[in-house]
>>> print(open('upload_30.tsv').read())   # TSV, C-alpha atoms
chain	number	residue	atom	x	y	z
A	1	MET	CA	-16.41	58.77	-81.16
A	2	SER	CA	-15.29	56.01	-78.80
A	3	HIS	CA	-17.43	53.05	-77.80
A	4	ASN	CA	-17.08	51.17	-74.55
A	5	PRO	CA	-16.56	47.36	-74.48
A	6	GLU	CA	-20.23	46.54	-73.78
A	7	GLN	CA	-21.43	48.59	-76.72
A	8	LEU	CA	-18.74	47.22	-79.03
A	9	THR	CA	-19.88	43.70	-78.10
A	10	ALA	CA	-23.51	44.63	-78.85
A	11	LEU	CA	-22.47	46.26	-82.15
A	12	ILE	CA	-20.52	43.14	-83.14
A	13	ASN	CA	-23.52	40.96	-82.23
A	14	LEU	CA	-25.78	43.20	-84.29
A	15	HIS	CA	-23.48	43.01	-87.32
A	16	ARG	CA	-23.11	39.22	-86.96
A	17	GLN	CA	-26.79	38.96	-87.91
A	18	ALA	CA	-26.68	38.20	-91.61
A	19	GLN	CA	-27.62	41.39	-93.48
A	20	TRP	CA	-29.14	42.90	-90.34
A	21	PRO	CA	-30.23	46.21	-91.91
A	22	HIS	CA	-32.27	44.27	-94.46
A	23	ARG	CA	-33.85	42.15	-91.74
A	24	ALA	CA	-34.40	44.99	-89.26
A	25	CYS	CA	-37.08	47.68	-89.15
A	26	ALA	CA	-35.02	49.69	-91.65
A	27	ARG	CA	-35.42	47.09	-94.41
A	28	THR	CA	-36.34	48.19	-97.93
A	29	ASP	CA	-38.30	46.83	-100.88
A	30	ASP	CA	-36.81	45.78	-104.22
A	31	LEU	CA	-36.57	49.41	-105.36
A	32	GLY	CA	-34.68	50.49	-102.24
A	33	GLU	CA	-37.63	52.30	-100.71
A	34	PRO	CA	-38.08	51.76	-96.96
A	35	LEU	CA	-41.01	49.54	-96.00
A	36	VAL	CA	-41.45	51.60	-92.85
A	37	SER	CA	-40.62	55.30	-92.90
A	38	PRO	CA	-37.35	55.99	-91.00
A	39	GLU	CA	-38.93	59.24	-89.74
A	40	LEU	CA	-41.32	57.11	-87.70
A	41	PHE	CA	-38.39	55.96	-85.52
A	42	TYR	CA	-37.19	59.52	-84.85
A	43	SER	CA	-40.50	61.29	-84.38
A	44	ALA	CA	-41.07	63.25	-81.17
A	45	GLY	CA	-44.79	62.44	-81.17
A	46	ALA	CA	-46.00	59.90	-78.64
A	47	GLN	CA	-48.29	58.18	-81.18
A	48	ASP	CA	-45.45	57.74	-83.67
A	49	GLN	CA	-43.13	56.43	-80.96
A	50	LEU	CA	-45.78	53.93	-79.91
A	51	ALA	CA	-46.24	52.85	-83.53
A	52	ALA	CA	-42.46	52.50	-83.96
A	53	THR	CA	-42.11	50.33	-80.83
A	54	ARG	CA	-44.95	48.15	-82.12
A	55	VAL	CA	-43.19	47.71	-85.47
A	56	CYS	CA	-39.99	46.73	-83.67
A	57	LYS	CA	-41.64	44.27	-81.32
A	58	ALA	CA	-43.92	42.73	-83.95
A	59	SER	CA	-41.68	42.24	-86.96
A	60	CYS	CA	-38.02	42.88	-86.23
A	61	PRO	CA	-35.89	39.73	-85.96
A	62	VAL	CA	-32.89	41.64	-84.53
A	63	VAL	CA	-34.78	43.68	-81.91
A	64	ALA	CA	-32.68	42.40	-78.95
A	65	ALA	CA	-29.33	43.11	-80.64
A	66	CYS	CA	-30.58	46.56	-81.70
A	67	ARG	CA	-31.74	47.36	-78.14
A	68	ASP	CA	-28.41	46.20	-76.64
A	69	TYR	CA	-26.54	48.41	-79.09
A	70	ALA	CA	-28.71	51.45	-78.35
A	71	LEU	CA	-28.42	51.06	-74.57
A	72	GLY	CA	-24.64	51.06	-74.80
A	73	GLY	CA	-22.79	51.04	-71.50
A	74	ASP	CA	-21.11	53.72	-69.39
A	75	GLY	CA	-19.94	55.64	-72.43
A	76	TRP	CA	-21.73	56.53	-75.63
A	77	TRP	CA	-25.33	55.46	-76.29
A	78	GLU	CA	-28.12	56.27	-78.76
A	79	PRO	CA	-29.80	59.37	-77.27
A	80	ASP	CA	-32.59	59.73	-79.85
A	81	GLY	CA	-35.19	57.67	-81.60
A	82	VAL	CA	-36.77	54.27	-81.09
A	83	TRP	CA	-34.20	51.48	-81.03
A	84	GLY	CA	-34.92	47.86	-80.18
A	85	GLY	CA	-38.52	48.66	-79.32
A	86	MET	CA	-37.56	51.27	-76.70
A	87	THR	CA	-37.96	55.04	-76.77
A	88	ALA	CA	-35.14	57.33	-75.68
A	89	LYS	CA	-36.91	57.95	-72.34
A	90	GLN	CA	-37.27	54.21	-71.71
A	91	ARG	CA	-33.60	53.63	-72.50
A	92	GLU	CA	-32.61	56.48	-70.17
A	93	ALA	CA	-34.69	54.94	-67.36
A	94	VAL	CA	-32.95	51.58	-67.88
A	95	ARG	CA	-29.54	53.25	-67.89
A	96	ARG	CA	-30.30	55.15	-64.66
A	97	ALA	CA	-31.55	52.00	-62.92
A	98	THR	CA	-28.45	50.11	-64.07
A	99	LYS	CA	-26.18	52.92	-62.81
A	100	ARG	CA	-27.96	53.00	-59.44
A	101	HIS	CA	-27.67	49.22	-59.11
A	102	SER	CA	-23.95	49.25	-59.98
A	103	ARG	CA	-23.32	52.09	-57.48
A	104	GLN	CA	-25.03	50.08	-54.74
A	105	ALA	CA	-23.12	46.95	-55.69
A	106	SER	CA	-19.84	48.84	-55.32
A	107	LYS	CA	-20.75	50.26	-51.89
A	108	PRO	CA	-20.29	48.21	-48.75
A	109	ARG	CA	-23.60	47.02	-47.31
A	110	PRO	CA	-24.78	49.06	-44.30
A	111	VAL	CA	-24.24	47.29	-41.00
A	112	ALA	CA	-27.36	46.99	-38.87
A	113	VAL	CA	-27.26	48.48	-35.38
A	114	LEU	CA	-27.77	45.59	-32.94
A	115	ASP	CA	-29.78	47.33	-30.25
A	116	TRP	CA	-31.56	49.79	-32.53
A	117	GLU	CA	-34.42	51.66	-30.99
A	118	PRO	CA	-36.18	54.50	-32.81
A	119	THR	CA	-36.39	58.00	-31.42
A	120	LYS	CA	-39.80	59.59	-30.83
A	121	LYS	CA	-39.66	61.31	-34.25
A	122	GLN	CA	-38.72	58.03	-35.91
A	123	ARG	CA	-41.63	56.26	-34.17
A	124	ASP	CA	-43.96	59.02	-35.40
A	125	LEU	CA	-42.65	58.55	-38.94
A	126	LEU	CA	-43.22	54.78	-38.73
A	127	ARG	CA	-46.74	55.32	-37.43
A	128	VAL	CA	-47.57	57.66	-40.34
A	129	LEU	CA	-45.93	55.39	-42.93
A	130	ALA	CA	-47.88	52.38	-41.61
A	131	ARG	CA	-51.08	53.98	-42.95
A	132	LYS	CA	-52.43	52.68	-46.23
A	133	ASN	CA	-50.79	54.27	-49.31
A	134	ALA	CA	-48.49	56.50	-47.27
A	135	ASP	CA	-45.27	57.76	-48.80
A	136	LEU	CA	-42.51	60.12	-47.67
A	137	HIS	CA	-44.28	63.17	-49.16
A	138	SER	CA	-47.54	62.49	-47.31
A	139	ALA	CA	-45.56	61.66	-44.15
A	140	SER	CA	-43.78	65.04	-44.29
A	141	GLU	CA	-47.16	66.78	-44.56
A	142	ALA	CA	-48.68	64.72	-41.71
A	143	LEU	CA	-45.67	65.38	-39.45
A	144	GLY	CA	-45.42	69.06	-40.35
A	145	SER	CA	-41.82	68.55	-41.47
A	146	THR	CA	-39.98	69.24	-44.67
A	147	TYR	CA	-39.72	66.45	-47.21
A	148	ALA	CA	-35.91	66.66	-47.02
A	149	SER	CA	-35.85	66.05	-43.25
A	150	VAL	CA	-38.29	63.12	-43.53
A	151	ARG	CA	-36.27	61.63	-46.38
A	152	TRP	CA	-33.06	62.02	-44.38
A	153	MET	CA	-34.69	60.36	-41.33
A	154	HIS	CA	-35.92	57.48	-43.52
A	155	ALA	CA	-32.46	57.02	-45.05
A	156	ARG	CA	-30.83	57.05	-41.60
A	157	MET	CA	-33.29	54.46	-40.28
A	158	CYS	CA	-32.69	52.25	-43.33
A	159	ARG	CA	-28.92	52.35	-42.75
A	160	ASP	CA	-29.42	51.58	-39.05
A	161	LEU	CA	-31.55	48.58	-40.05
A	162	GLY	CA	-28.89	47.39	-42.53
A	163	PHE	CA	-30.58	48.37	-45.82
A	164	PHE	CA	-29.98	50.86	-48.60
A	165	PRO	CA	-32.71	53.55	-48.60
A	166	ASP	CA	-34.09	52.61	-52.02
A	167	GLU	CA	-33.84	48.87	-51.46
A	168	LEU	CA	-37.21	48.43	-49.74
A	169	THR	CA	-40.73	49.59	-50.45
A	170	ILE	CA	-42.35	51.71	-47.74
A	171	GLY	CA	-44.37	48.68	-46.57
A	172	GLN	CA	-41.24	46.49	-46.36
A	173	PHE	CA	-39.40	49.26	-44.52
A	174	VAL	CA	-42.18	49.63	-41.94
A	175	ALA	CA	-42.33	45.85	-41.43
A	176	ALA	CA	-38.54	45.58	-41.00
A	177	ALA	CA	-38.40	48.53	-38.58
A	178	THR	CA	-41.40	47.35	-36.56
A	179	ALA	CA	-39.90	43.88	-36.23
A	180	LYS	CA	-36.70	45.38	-34.78
A	181	ILE	CA	-38.45	47.53	-32.16
A	182	PRO	CA	-38.25	45.77	-28.83
A	183	GLY	CA	-41.65	45.55	-27.17
A	184	PRO	CA	-42.42	45.06	-23.47
A	185	GLY	CA	-41.05	41.72	-22.31
A	186	ARG	CA	-39.19	41.08	-25.61
A	187	LYS	CA	-35.46	40.55	-25.45
A	188	ARG	CA	-33.16	42.86	-27.31
A	189	PRO	CA	-30.42	41.30	-29.41
A	190	GLY	CA	-28.00	42.11	-26.55
A	191	GLY	CA	-29.98	39.86	-24.21
A	192	ARG	CA	-31.58	42.41	-21.88
A	193	LEU	CA	-35.33	42.94	-21.67
A	194	ALA	CA	-36.92	46.04	-23.19
A	195	ASP	CA	-38.62	48.45	-20.81
A	196	ALA	CA	-42.39	48.52	-20.71
A	197	ALA	CA	-43.80	51.31	-22.84
>>> encode(input="upload_30.tsv", output="structure tokens")
Amino acid sequence: MSHNPEQLTALINLHRQAQWPHRACARTDDLGEPLVSPELFYSAGAQDQLAATRVCKASCPVVAACRDYALGGDGWWEPDGVWGGMTAKQREAVRRATKRHSRQASKPRPVAVLDWEPTKKQRDLLRVLARKNADLHSASEALGSTYASVRWMHARMCRDLGFFPDELTIGQFVAAATAKIPGPGRKRPGGRLADAA
């Protein structure tokens, strides 16, 4: 089994803690019996997982090093159990968010279209999304379109405005798009006046 550099660093940090297994959640009493049952940390039950995360957060002095080790990096990671106060699902969510962020960081930023003006369908989408608590699913229903086409239109508009699609909330997206729409008598970035609507 190979470890990537981030996980090796976390493993080294974990082992630098003096006698970390004896200080961690897996510590034992004088007879070698665990103070907390190891099965608690690998139980599939939600109540046990909650109890295990509480034990980690309340009494484990190496919780951060344990969590860093379990999260790993791009390679191997701990797929099961509660480690560092996090369940496997929580660690997977962190890993996905980290991957998404690193993918975006490696992509060139979209360049905003200077004289962007939405099409009629895009204006309709903005109007629907401007409603309270609207999202792309409810917008697709309100417009009588498929979710995929509404999502594609949203992504295209975000790129035209100079944003990644998942960079803004729906409210921020509507505000940014509305601010870019030239109104009657307002100058476009190119200097010419917008036509009256």
>>> atom_distance(input="upload_30.tsv", atom1="CA of Lys89 (chain A)", atom2="CA of Ala46 (chain A)")
11.2 Å
>>> residues_near_point(input="upload_30.tsv", point="(-37.1, 50.6, -29.5)", cutoff="7 Å", atoms="only C-alpha atoms", output="list in words")
Trp116, Glu117, Pro118, Ile181 and Pro182 of chain A
>>> closest_residue(input="upload_30.tsv", among="A:Pro110, A:Pro38, A:Gly81, A:Pro61", to="Leu161 (chain A)", atoms="only C-alpha atoms")
A:Pro110
>>> closest_residue(input="upload_30.tsv", among="A:Thr169, A:Met157, A:Thr53, A:Val82", to="Arg123 (chain A)", atoms="only C-alpha atoms")
A:Met157
>>> atom_distance(input="upload_30.tsv", atom1="CA of Val62 (chain A)", atom2="CA of Ala97 (chain A)")
24.0 Å
>>> axis_aligned_box(input="upload_30.tsv", around="region 166-178 of chain A", padding_each_side="8 Å", output="lines of an AutoDock Vina configuration file")
center_x = -39.1
center_y = 49.1
center_z = -44.3
size_x = 26.5
size_y = 23.0
size_z = 31.5
>>> atom_distance(input="upload_30.tsv", atom1="CA of Asp68 (chain A)", atom2="CA of Cys56 (chain A)")
13.6 Å
>>> closest_residue(input="upload_30.tsv", among="A:Ala64, A:Tyr147, A:Thr87, A:Ser102", to="Asp48 (chain A)", atoms="all atoms listed in the file")
A:Thr87
>>> closest_residue(input="upload_30.tsv", among="A:Met86, A:Leu35, A:Leu126, A:Ala65", to="Ala179 (chain A)", atoms="only C-alpha atoms")
A:Leu126
